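Below: the structure, in structure tokens.
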Amino acid sequence: MKHFTKLAFAGVLAALTAGAAQAQELYTPNLAYRTGPFAATGIPLMNGQADYMAMLNARDGGIGGVMVNAEECETGYSTEKGVECYEKTKGKAIVTQPWSTGITLQVLPKTNVDMIPILASGYGFSPMMDGKVFQWAYNTPAGYWDAADMIIQYLEGMESLDGKTIAFLHLDHPFGKEPLPVLEALAEEKGFTLNPIPVGLKEMQNQSAQWLQIRRMRPDYVVMWGWGAMNAGAITEAVKTKFPMENMLGVWWSGHDADLAIVGEAGKGYKSISWSFPNLDAPVMADIQKHVIDAGLSKTDETEMKGVFYSRGIIISAILAEGIRVAQAEYGVAEINAEQLRWGLENINMTEARIDELGLTGMVPPFATSCSNHTGHSGGWMLEWDGEKFVKVSDHLTANVAAYTELAQKNAKDYADANAPWPVAEGCEG
Amino acid sequence: MLYRTAGQYKTSYEADQALFPVRQDAVLLGIILLFVWVIFPLTASEFTFQTLLIPILIYSLAALGLNILTGYAGQLSLGTAAFMGVGAYACYKMITIMPWMNPIVAILLSGFFSAGVGVMFGIPSLRIKGFYLAIATLAAQFFLVWLFEKWAWLYNYNASGAIQVPNLDIFGLYVSGPQADSIVQYYVVLFIVSLLTWLCINLTRGTLGRTWKATRDMDIAAELIGINLMRSKLTAFAISSYVVGVAGALFVFMWRGAAEPNLFDIPLSFRILFIAIIGGLGSIMGNYLGAILIVGLPVVLNLLPETLGIPISSSMVEHLNIMIVGSLIVFFLIVEPHGLAQLWRLLREKLILWPFPY
């Protein structure tokens with residue numbers, strides 16, 4: 001009985017918290033993961049996101065005069081906790097930042113009902129680029145299919161891929177399988193052989209079997225779609241088996257400084273495509289240093305601040321802040337709601353000039369979203385590990401989006417059909 | 001006082017054998033049923049439904065299934081999550097092949113698939129016992145999760161390898177998928193959980209339950225008094241897997257809405273085993289108490305600092321939470337190794353004597 005009263009108590013408690021009144025603020029919760037198996041990669045991202053918002057609050061008094069409440073809800077990367085956080089925050093949230101493919105999968109179908117935009121910068125379901133179908137979902141500024149296309153483009157820029165072999169080392173998980181359709185289409189078009197090598201979630205730290213296979217296969221390149229412990233596992237294994245590091249490339253989530261720092265000099269030449277770059281001379285970094293770090297509002301440290309992931313966190317928050325600003329300007333209210341932010345996010349125009357104005361010079365390529373294009377396709381840069389840090393080794397690359405727009409639309413339509421009734425934005429042009 | 005049994009005379013064997021020999025127990029159950037069927041649904045918020053009520057019920061059901069096998073029939077199993085997965089995938093396939101099917105019927109039918117698979121993996125139990133059987137069920141765990149990953153037909157060749165629950169309705173009322181209301185889902189879950197609990201209470205008190213208990217306590221002795229061990233063990237596997245399979249279908253269709261194969265991996269099996277052990281093996285009520293402790297308590301603890309206005313970061317709360325729940329598990333197991341159900345049983349006995357213990 002004691003426990004049933006506890007349950008009843010919990011019910012009352014939850015009802016109370018859900019109904020609590022709030023002061024004027026922009027509530028942009030973040031489903032953070034500072035604990036659990038992926039915490040090492042989560043912490044710099046979360047710090048970057050939190051610090052940028054804290055900087056806006058300290059420097060400008062929020063956005064448009066309203067303070068941002070970028071509260072974190074800890075998920076530990078667990079889907080179950082993620083759903084708990086989503087339910088907890090959705091009452092007053094104007095955006096959801098789910099942060100894991102599993103949580104994204106869970107909340108994506110609910111967005112049409114709950115009417116809260118999802119901001120999944122650089123992750124999630126690639127067909128989300130079709131804004132007509134996925135009215136509430138944004139993977140701005142680039143999706144996994146963009147990444148796959150840009151990596152192949154970069155390789156082709158060096159030599160013809162005809163007759164080459166590419167091993168595709170990926171996490172055996174929705175995230176890792178995501179770029180396969182585009183890579184397969186490219187393999188057919190460019191004439192290279194694609195050999196997918198899955199790494200099970202349990203094998204992330206011990207990839208000797210996979211690397212044995214790679215050694216036997218002797219691929220010209222290894223393209224890696226890894227996350228968390230898998231990256232460090234693959235990189236150390238590659239060094240151990242003496243795979244030429246300059247022929248190994250990863251997606252943006254496989255470019256974490258700490259993973260490469262383990263091998264240091266030996267990791268020289270490893271590349272990762274990225275839509276964000278840690279430009280330490282950008283004005284925004286100085287502002288964060290002044291208003292957040294020196295004021296003692298941050299949890300970050302100096303080494304972490306120089307990393308790719310910290311700056312990526314900044315960019316994600318900057319995209320969200322820009323969406324809020326656009327919505328505020330359009331609707332003439334400072335305290336916008338979720339629906340208005342949805343419009344804001346699909347009308348972002350990050351021109352070169354705007355990026356400079358925001359102090360993000362050189363940290364993100366220019367992009368623009370529209371009602372039918374929720375990704376923005378910013379393109380990115382190829383970053384290379386020089387033994388100590390990541391440096392840009394390519395010009396601004398842009399994905400050949402036209403090649404898979406049709407595929408994205410087809411997959412988006414399949415998704416909508418499977419989840420009928422699914423409202424589609426019919427009047428959406430361009 | 002509260003539990004005064006004076007004046008409650010049993011005048012027939014039937015009355016003595018009744019489920020509730022003490023009237024107060026029946027009243028208590030009535031109150032609990034009133035809460036779960038009427039008061040909670042009327043007062044609960046969306047958050048309470050989605051993070052407390054629905055998951056606690058579903059986890060309780062899964063633990064109940066495991067308890068039949070481990071607690072009543074004494075066969076240790078580590079493959080619960082995989083059998084849940086069989087139920088979930090079976091339900092998904094039935095719903096996608098026959099979209100006209102009533103979702104509740106589909107959920108109840110999907111249990112039969114996991115029952116079949118459960119019996120198949122239960123066959124080794126005729127020869128091996130204890131830890132060795134646990135290893136055999138562990139094989140089921142690994143094999144089935146691997147199958148969910150590799151057999152693309154199971155997830156309809158979806159590129160991401162995950163299953164998504166479509167919007168399903170019964171007479172125009174959505175019961176699953178994103179369009180469904182939480183309260184509808186809660187009632188569906190509650191209905192199925194109540195039905196299966198009622199069924200299990202009756203089964204465990206009847207001939208079958210007694211055969212299971214005899215098998216658990218000493219299988220050689222059971223065989224000598226004429227119990228067919230094969231029948232006893234395989235029925236335990238079948239019924240346990242049926243209940244677990246239905247719990248799995250509910251888990252995905254009424255709560256999660258989407259599932260990846262690794263959801264049904266070993267951590268989920270352990271979680272359910274913990275619920276069954278901490279709640280109390282060989283008890284029906286224990287599953288509910290265990291689920292409240294393991295599933296419900298962390299959610300409540302997560303809310304506390306915010307409600308009390310303590311400024312503490314979310315990740316810190318999570319760390320504290322893991323520590324508190326972990327130490328509570330240790331505490332309860334030291335205080336009462338037979339689980340929360342036994343704790344309640346002792347408390348009840350004390351209450352019957354109170355305030356004049358002899």
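Here's how to read the names in the structure tokens: chain A, B, ... by the order shown, residue numbers from 1 in each chain, ligand numbers from 1 in the order shown.
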
Stretch 272-348 of chain A residues near stretch 148-153 of chain A within 12 Å, closest pair each, using only C-alpha atoms, as JSON lines:
```
{"residue": "A:Ser272", "atom": "CA", "partner": "A:Ile151", "partner_atom": "CA", "distance": 8.5}
{"residue": "A:Ile273", "atom": "CA", "partner": "A:Ile151", "partner_atom": "CA", "distance": 6.7}
{"residue": "A:Ser274", "atom": "CA", "partner": "A:Met150", "partner_atom": "CA", "distance": 9.7}
{"residue": "A:Trp275", "atom": "CA", "partner": "A:Met150", "partner_atom": "CA", "distance": 10.8}
```

Chain A contacts on chain B, only C-alpha atoms, 9 Å, as an mmCIF file with N, CA and C atoms, in the first residue's frame:
```cif
data_model
loop_
_atom_site.group_PDB
_atom_site.id
_atom_site.type_symbol
_atom_site.label_atom_id
_atom_site.label_comp_id
_atom_site.auth_asym_id
_atom_site.auth_seq_id
_atom_site.Cartn_x
_atom_site.Cartn_y
_atom_site.Cartn_z
ATOM 1 N N LEU B 28 -8.771 -3.790 0.396
ATOM 2 C CA LEU B 28 -7.558 -3.120 -0.080
ATOM 3 C C LEU B 28 -7.430 -3.238 -1.593
ATOM 4 N N ILE B 32 -7.319 -0.318 -4.447
ATOM 5 C CA ILE B 32 -6.272 -0.196 -5.468
ATOM 6 C C ILE B 32 -6.900 -0.186 -6.862
ATOM 7 N N PHE B 35 -8.375 3.066 -7.612
ATOM 8 C CA PHE B 35 -7.362 4.047 -7.980
ATOM 9 C C PHE B 35 -6.912 3.863 -9.422
ATOM 10 N N PHE B 40 -6.668 7.470 -10.951
ATOM 11 C CA PHE B 40 -5.461 7.841 -11.704
ATOM 12 C C PHE B 40 -5.793 8.377 -13.098
ATOM 13 N N THR B 43 -7.009 11.913 -12.978
ATOM 14 C CA THR B 43 -6.154 12.987 -12.473
ATOM 15 C C THR B 43 -4.815 13.071 -13.177
ATOM 16 N N ALA B 44 -4.381 12.001 -13.834
ATOM 17 C CA ALA B 44 -3.007 11.963 -14.327
ATOM 18 C C ALA B 44 -2.791 12.917 -15.495
ATOM 19 N N SER B 45 -1.578 13.461 -15.547
ATOM 20 C CA SER B 45 -1.207 14.282 -16.694
ATOM 21 C C SER B 45 -0.589 13.367 -17.754
ATOM 22 N N GLU B 46 -0.396 13.928 -18.923
ATOM 23 C CA GLU B 46 0.238 13.188 -20.022
ATOM 24 C C GLU B 46 1.586 12.610 -19.564
ATOM 25 N N PHE B 47 2.319 13.421 -18.833
ATOM 26 C CA PHE B 47 3.640 12.993 -18.348
ATOM 27 C C PHE B 47 3.515 11.775 -17.440
ATOM 28 N N THR B 48 2.546 11.817 -16.530
ATOM 29 C CA THR B 48 2.362 10.702 -15.591
ATOM 30 C C THR B 48 1.982 9.430 -16.333
ATOM 31 N N PHE B 49 1.114 9.572 -17.322
ATOM 32 C CA PHE B 49 0.739 8.402 -18.109
ATOM 33 C C PHE B 49 1.960 7.796 -18.782
ATOM 34 N N GLN B 50 2.726 8.659 -19.460
ATOM 35 C CA GLN B 50 3.797 8.162 -20.312
ATOM 36 C C GLN B 50 5.032 7.709 -19.542
ATOM 37 N N THR B 51 5.274 8.264 -18.378
ATOM 38 C CA THR B 51 6.520 7.890 -17.695
ATOM 39 C C THR B 51 6.279 7.066 -16.446
ATOM 40 N N LEU B 52 5.070 7.058 -15.915
ATOM 41 C CA LEU B 52 4.838 6.268 -14.702
ATOM 42 C C LEU B 52 3.812 5.157 -14.930
ATOM 43 N N LEU B 53 2.585 5.540 -15.207
ATOM 44 C CA LEU B 53 1.514 4.545 -15.199
ATOM 45 C C LEU B 53 1.707 3.462 -16.254
ATOM 46 N N GLU B 149 18.032 -8.095 -36.089
ATOM 47 C CA GLU B 149 18.876 -7.181 -36.855
ATOM 48 C C GLU B 149 19.007 -7.625 -38.303
ATOM 49 N N ALA B 159 14.918 1.003 -44.167
ATOM 50 C CA ALA B 159 16.338 1.318 -44.296
ATOM 51 C C ALA B 159 17.014 1.472 -42.936
ATOM 52 N N SER B 160 16.293 1.969 -41.960
ATOM 53 C CA SER B 160 16.938 2.209 -40.672
ATOM 54 C C SER B 160 16.952 0.970 -39.781
ATOM 55 N N GLY B 161 16.247 -0.095 -40.198
ATOM 56 C CA GLY B 161 16.265 -1.318 -39.404
ATOM 57 C C GLY B 161 15.416 -1.261 -38.159
ATOM 58 N N ALA B 162 14.602 -0.222 -38.021
ATOM 59 C CA ALA B 162 13.763 -0.095 -36.834
ATOM 60 C C ALA B 162 12.302 -0.311 -37.214
ATOM 61 N N GLN B 164 8.375 0.960 -36.716
ATOM 62 C CA GLN B 164 7.604 2.132 -36.307
ATOM 63 C C GLN B 164 6.152 1.711 -36.186
ATOM 64 N N VAL B 165 5.537 2.092 -35.110
ATOM 65 C CA VAL B 165 4.144 1.708 -34.904
ATOM 66 C C VAL B 165 3.238 2.646 -35.696
ATOM 67 N N PRO B 166 2.401 2.095 -36.584
ATOM 68 C CA PRO B 166 1.482 2.966 -37.319
ATOM 69 C C PRO B 166 0.315 3.406 -36.424
ATOM 70 N N ASN B 167 -0.463 4.343 -36.918
ATOM 71 C CA ASN B 167 -1.658 4.745 -36.191
ATOM 72 C C ASN B 167 -2.730 3.676 -36.381
ATOM 73 N N GLY B 177 0.163 4.382 -31.848
ATOM 74 C CA GLY B 177 0.745 5.332 -32.787
ATOM 75 C C GLY B 177 0.675 6.724 -32.207
ATOM 76 N N PRO B 178 1.305 7.672 -32.899
ATOM 77 C CA PRO B 178 1.389 9.032 -32.349
ATOM 78 C C PRO B 178 0.048 9.724 -32.154
ATOM 79 N N GLN B 179 -0.976 9.281 -32.910
ATOM 80 C CA GLN B 179 -2.266 9.972 -32.813
ATOM 81 C C GLN B 179 -3.066 9.557 -31.583
ATOM 82 N N ARG B 256 6.328 2.710 -26.480
ATOM 83 C CA ARG B 256 7.489 3.276 -27.136
ATOM 84 C C ARG B 256 7.178 3.856 -28.509
ATOM 85 N N GLY B 257 6.369 3.188 -29.278
ATOM 86 C CA GLY B 257 6.023 3.707 -30.600
ATOM 87 C C GLY B 257 7.036 3.374 -31.677
ATOM 88 N N ALA B 258 8.248 3.009 -31.289
ATOM 89 C CA ALA B 258 9.269 2.604 -32.253
ATOM 90 C C ALA B 258 10.258 1.728 -31.511
ATOM 91 N N ALA B 259 10.922 0.860 -32.242
ATOM 92 C CA ALA B 259 11.885 -0.005 -31.566
ATOM 93 C C ALA B 259 13.012 -0.390 -32.499
ATOM 94 N N GLU B 260 14.226 -0.370 -31.975
ATOM 95 C CA GLU B 260 15.380 -0.890 -32.693
ATOM 96 C C GLU B 260 15.694 -2.249 -32.076
ATOM 97 N N PRO B 261 16.368 -3.124 -32.850
ATOM 98 C CA PRO B 261 16.635 -4.462 -32.303
ATOM 99 C C PRO B 261 17.361 -4.419 -30.955
ATOM 100 N N ASN B 262 18.303 -3.492 -30.809
ATOM 101 C CA ASN B 262 19.095 -3.535 -29.576
ATOM 102 C C ASN B 262 18.317 -3.094 -28.339
ATOM 103 N N LEU B 263 17.088 -2.626 -28.554
ATOM 104 C CA LEU B 263 16.217 -2.344 -27.408
ATOM 105 C C LEU B 263 15.967 -3.618 -26.620
ATOM 106 N N LEU B 289 5.176 -4.259 -7.157
ATOM 107 C CA LEU B 289 6.002 -3.499 -6.209
ATOM 108 C C LEU B 289 7.396 -3.283 -6.791
ATOM 109 N N ILE B 292 7.358 -0.666 -9.481
ATOM 110 C CA ILE B 292 7.239 0.693 -8.943
ATOM 111 C C ILE B 292 8.603 1.170 -8.460
ATOM 112 N N LEU B 293 9.341 0.266 -7.825
ATOM 113 C CA LEU B 293 10.656 0.657 -7.305
ATOM 114 C C LEU B 293 11.652 0.914 -8.440
ATOM 115 N N GLY B 296 9.399 3.259 -11.539
ATOM 116 C CA GLY B 296 8.732 4.487 -11.114
ATOM 117 C C GLY B 296 9.594 5.400 -10.268
ATOM 118 N N LEU B 297 10.324 4.808 -9.342
ATOM 119 C CA LEU B 297 11.074 5.637 -8.400
ATOM 120 C C LEU B 297 12.082 6.584 -9.067
ATOM 121 N N VAL B 299 11.989 8.037 -11.876
ATOM 122 C CA VAL B 299 11.265 9.147 -12.509
ATOM 123 C C VAL B 299 10.864 10.168 -11.441
ATOM 124 N N VAL B 300 10.357 9.665 -10.322
ATOM 125 C CA VAL B 300 9.944 10.555 -9.241
ATOM 126 C C VAL B 300 11.160 11.281 -8.664
ATOM 127 N N LEU B 303 12.257 14.210 -10.563
ATOM 128 C CA LEU B 303 11.409 15.400 -10.467
ATOM 129 C C LEU B 303 11.633 16.161 -9.173
ATOM 130 N N LEU B 304 12.082 15.438 -8.142
ATOM 131 C CA LEU B 304 12.131 16.039 -6.813
ATOM 132 C C LEU B 304 12.896 17.351 -6.710
ATOM 133 N N GLU B 306 13.660 19.656 -8.729
ATOM 134 C CA GLU B 306 13.003 20.774 -9.406
ATOM 135 C C GLU B 306 11.768 21.226 -8.618
ATOM 136 N N THR B 307 11.021 20.255 -8.120
ATOM 137 C CA THR B 307 9.797 20.573 -7.377
ATOM 138 C C THR B 307 10.126 21.271 -6.066
ATOM 139 N N SER B 313 22.179 20.458 -11.297
ATOM 140 C CA SER B 313 22.144 20.190 -12.733
ATOM 141 C C SER B 313 21.521 18.822 -12.992
ATOM 142 N N SER B 314 20.974 18.717 -14.210
ATOM 143 C CA SER B 314 20.237 17.523 -14.582
ATOM 144 C C SER B 314 21.127 16.281 -14.552
ATOM 145 N N SER B 315 22.402 16.461 -14.956
ATOM 146 C CA SER B 315 23.274 15.289 -14.983
ATOM 147 C C SER B 315 23.620 14.851 -13.559
ATOM 148 N N MET B 316 23.720 15.833 -12.648
ATOM 149 C CA MET B 316 23.984 15.507 -11.247
ATOM 150 C C MET B 316 22.817 14.706 -10.678
ATOM 151 N N VAL B 317 21.606 15.139 -11.002
ATOM 152 C CA VAL B 317 20.419 14.419 -10.537
ATOM 153 C C VAL B 317 20.479 12.975 -11.008
ATOM 154 N N GLU B 318 20.889 12.817 -12.274
ATOM 155 C CA GLU B 318 20.950 11.476 -12.847
ATOM 156 C C GLU B 318 21.966 10.615 -12.093
ATOM 157 N N HIS B 319 23.112 11.212 -11.783
ATOM 158 C CA HIS B 319 24.125 10.463 -11.026
ATOM 159 C C HIS B 319 23.600 10.071 -9.653
ATOM 160 N N TRP B 344 5.897 -7.011 2.533
ATOM 161 C CA TRP B 344 4.480 -6.678 2.726
ATOM 162 C C TRP B 344 3.773 -7.774 3.527
#
```

DSSP on the backbone, strand (DSSP E) only: what residues of stretch 138-213 of chain A does that give? Format it as a count of residues only. 15

Atom CA of A:Thr398 and atom CA of A:Pro219 are how many Å apart?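 So the answer is 25.5 Å.
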
One residue among A:Met115, A:Gly131, A:Ala58, A:Ile94 is nearest to A:Thr405 when using only C-alpha atoms, and that residue is A:Gly131

Which polymer residues have any atom within 12 Å of an atom of B:Phe20, counting only C-alpha atoms, with same-chain residues fewer than 5 positions away left out, as a count of residues only? 11

Write out as a ChimeraX atom specification which residues come within 8 Å of stretch 205-207 of chain A when counting only C-alpha atoms, dropping same-chain ones fewer than 5 positions away. /A:199,229-230,232-234,237

So that I have them on file, write out the residues from the current selection with C-alpha atoms, as a PDB file, in the first residue's frame.
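Saved the output as again-v2.pdb:
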```pdb
ATOM      1  CA  VAL A 199      30.219  -3.095 -36.118  1.00  0.00           C
ATOM      2  CA  ALA A 229      33.368   4.296 -28.232  1.00  0.00           C
ATOM      3  CA  MET A 230      33.385   2.958 -31.780  1.00  0.00           C
ATOM      4  CA  ALA A 232      38.303   5.452 -30.592  1.00  0.00           C
ATOM      5  CA  GLY A 233      38.127   1.682 -31.106  1.00  0.00           C
ATOM      6  CA  ALA A 234      38.455   1.982 -34.878  1.00  0.00           C
ATOM      7  CA  GLU A 237      42.795  -0.510 -34.288  1.00  0.00           C
TER       8      GLU A 237
END
```

For the alpha helix (DSSP H) assignment from backbone DSSP, which residues of stretch 49-156 of chain A qualify? Please present them as a ChimeraX atom specification. /A:49-60,79-89,101-114,144-156

Can you write out the residues you just picked, keeping C-alpha atoms, as a compact mmCIF listing (two decimals), in the first residue's frame?
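Listed below is the output, result_33.txt:
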```txt
# COMPACT_ATOMS: atom_id res chain seq x y z
CA GLN A 49 25.38 24.64 -26.69
CA ALA A 50 24.89 25.86 -23.13
CA ASP A 51 27.75 28.38 -23.30
CA TYR A 52 26.45 30.06 -26.44
CA MET A 53 23.01 30.55 -24.94
CA ALA A 54 24.55 31.73 -21.65
CA MET A 55 26.64 34.19 -23.67
CA LEU A 56 23.54 35.56 -25.41
CA ASN A 57 21.82 35.95 -22.06
CA ALA A 58 24.79 37.74 -20.51
CA ARG A 59 25.75 39.89 -23.49
CA ASP A 60 22.42 40.79 -25.09
CA THR A 79 15.73 6.25 -25.39
CA GLU A 80 13.56 5.61 -22.38
CA LYS A 81 14.93 8.60 -20.48
CA GLY A 82 14.70 10.62 -23.66
CA VAL A 83 10.99 10.02 -23.93
CA GLU A 84 10.65 10.88 -20.25
CA CYS A 85 12.45 14.16 -20.87
CA TYR A 86 10.36 14.88 -23.95
CA GLU A 87 7.14 14.38 -22.02
CA LYS A 88 8.46 16.47 -19.15
CA THR A 89 9.48 19.42 -21.28
CA THR A 101 18.82 8.66 -33.34
CA GLY A 102 16.72 6.44 -31.08
CA ILE A 103 15.03 9.37 -29.37
CA THR A 104 14.58 11.14 -32.71
CA LEU A 105 12.81 8.06 -34.06
CA GLN A 106 10.49 8.09 -31.07
CA VAL A 107 9.57 11.75 -31.08
CA LEU A 108 9.48 12.33 -34.85
CA PRO A 109 5.97 10.88 -35.34
CA LYS A 110 4.69 12.76 -32.30
CA THR A 111 5.73 16.18 -33.57
CA ASN A 112 2.75 16.52 -35.88
CA VAL A 113 0.46 15.94 -32.92
CA ASP A 114 2.32 17.92 -30.27
CA TYR A 144 24.03 12.19 -43.47
CA TRP A 145 23.40 11.85 -47.18
CA ASP A 146 25.16 15.18 -47.68
CA ALA A 147 28.09 13.82 -45.69
CA ALA A 148 28.29 10.64 -47.78
CA ASP A 149 28.18 12.61 -51.00
CA MET A 150 30.82 15.10 -49.87
CA ILE A 151 33.21 12.38 -48.72
CA ILE A 152 33.02 10.64 -52.10
CA GLN A 153 33.39 14.01 -53.85
CA TYR A 154 36.51 14.75 -51.85
CA LEU A 155 38.04 11.36 -52.71
CA GLU A 156 37.18 11.83 -56.35
```

So that I can check the surroundings of stretch 221-226 of chain A, please list as a list in words every protein, DNA and RNA residue that reaches within 6 Å of it, counting only C-alpha atoms and ignoring chain neighbours fewer than 2 positions away. Ile166, Ala167, Phe168, Leu169, His170, Leu171, Gly176, Pro219, Met230, Asn231, Asn247, Met248, Leu249, Gly250, Val251 and Ser254 of chain A

Go ahead and dump the residues you just picked, N, CA and C atoms, as a short mmCIF file (atom, residue, chain, number, x, y, z; two decimals), in the first residue's frame.
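Contents of the output file out24.cif:
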```cif
data_model
loop_
_atom_site.label_atom_id
_atom_site.label_comp_id
_atom_site.auth_asym_id
_atom_site.auth_seq_id
_atom_site.Cartn_x
_atom_site.Cartn_y
_atom_site.Cartn_z
N ILE A 166 36.10 0.64 -51.46
CA ILE A 166 35.92 1.44 -50.25
C ILE A 166 35.23 0.58 -49.21
N ALA A 167 35.87 0.46 -48.05
CA ALA A 167 35.23 -0.26 -46.94
C ALA A 167 34.41 0.74 -46.15
N PHE A 168 33.18 0.38 -45.90
CA PHE A 168 32.30 1.29 -45.16
C PHE A 168 32.09 0.71 -43.76
N LEU A 169 32.91 1.18 -42.84
CA LEU A 169 32.88 0.68 -41.47
C LEU A 169 31.83 1.47 -40.71
N HIS A 170 30.76 0.79 -40.31
CA HIS A 170 29.68 1.55 -39.68
C HIS A 170 29.09 0.84 -38.48
N LEU A 171 28.49 1.62 -37.63
CA LEU A 171 27.80 1.09 -36.46
C LEU A 171 26.54 0.37 -36.96
N GLY A 176 24.19 4.15 -38.34
CA GLY A 176 25.24 3.69 -39.24
C GLY A 176 24.72 3.29 -40.61
N PRO A 219 41.23 -2.49 -48.78
CA PRO A 219 40.48 -1.42 -49.46
C PRO A 219 41.39 -0.22 -49.69
N MET A 230 32.97 3.60 -30.54
CA MET A 230 33.38 2.96 -31.78
C MET A 230 34.52 3.72 -32.48
N ASN A 231 34.49 5.05 -32.40
CA ASN A 231 35.51 5.84 -33.08
C ASN A 231 36.90 5.57 -32.53
N ASN A 247 44.10 7.47 -45.65
CA ASN A 247 43.03 6.87 -46.44
C ASN A 247 41.81 6.53 -45.60
N MET A 248 41.77 7.07 -44.39
CA MET A 248 40.63 6.79 -43.53
C MET A 248 39.87 8.09 -43.31
N LEU A 249 38.55 8.04 -43.57
CA LEU A 249 37.74 9.25 -43.45
C LEU A 249 36.48 8.94 -42.65
N GLY A 250 36.01 9.92 -41.93
CA GLY A 250 34.82 9.69 -41.12
C GLY A 250 33.77 10.75 -41.31
N VAL A 251 32.57 10.46 -40.80
CA VAL A 251 31.50 11.43 -40.80
C VAL A 251 31.81 12.44 -39.68
N SER A 254 32.49 11.35 -36.21
CA SER A 254 33.70 10.56 -35.99
C SER A 254 34.94 11.45 -35.97
#
```

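Of the residues under consideration (B:Ser194, B:Asn302, B:Gln141, B:Asn102), B:Asn102 shows the shortest atom-to-atom contact distance to B:Leu173 when counting only C-alpha atoms.
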
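The coordinates place atom CA of B:Gly245 at 4.5 Å from atom CA of B:Met84.
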
Long-range neighbours of B:Leu203 as number ranges by chain, 12 Å cut-off, only C-alpha atoms, 5 positions minimum in chain: B: 68, 72, 196-198, 208-213, 235-236, 239-240, 284

Tell me which protein, DNA and RNA residues are within 9 Å of A:Asn47, counting only C-alpha atoms, leaving out same-chain ones fewer than 6 positions away, and put them as number ranges by chain. A: 298-300, 305, 310, 313-314

Residues from the last selection, C-alpha atoms, saved as a compact mmCIF listing (two decimals), in the first residue's frame:
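Generated output (part19.txt):
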```txt
# COMPACT_ATOMS: atom_id res chain seq x y z
CA SER A 298 30.64 27.37 -17.84
CA LYS A 299 31.54 23.77 -17.13
CA THR A 300 34.01 23.60 -19.99
CA MET A 305 37.03 24.66 -25.94
CA TYR A 310 32.56 22.28 -28.57
CA GLY A 313 27.64 22.86 -29.97
CA ILE A 314 28.01 26.62 -30.42
```

Sorted by chain and rising residue number, which residues of stretch 133-209 of chain A lie within 12 Å of stretch 348-370 of chain A, and what are their closest atom pairs and distances in Å to one decimal, counting only C-alpha atoms, as a Markdown table?
```
| residue | atom | partner | partner_atom | distance |
| --- | --- | --- | --- | --- |
| A:Gln135 | CA | A:Ser370 | CA | 10.8 |
| A:Tyr138 | CA | A:Thr369 | CA | 9.4 |
| A:Asn139 | CA | A:Thr369 | CA | 10.4 |
| A:Thr140 | CA | A:Thr369 | CA | 7.8 |
| A:Pro141 | CA | A:Phe367 | CA | 6.9 |
| A:Ala142 | CA | A:Phe367 | CA | 9.2 |
```

Hey, can you check how far atom CA of B:Tyr157 sits from atom CA of A:Ser126? 16.7 Å
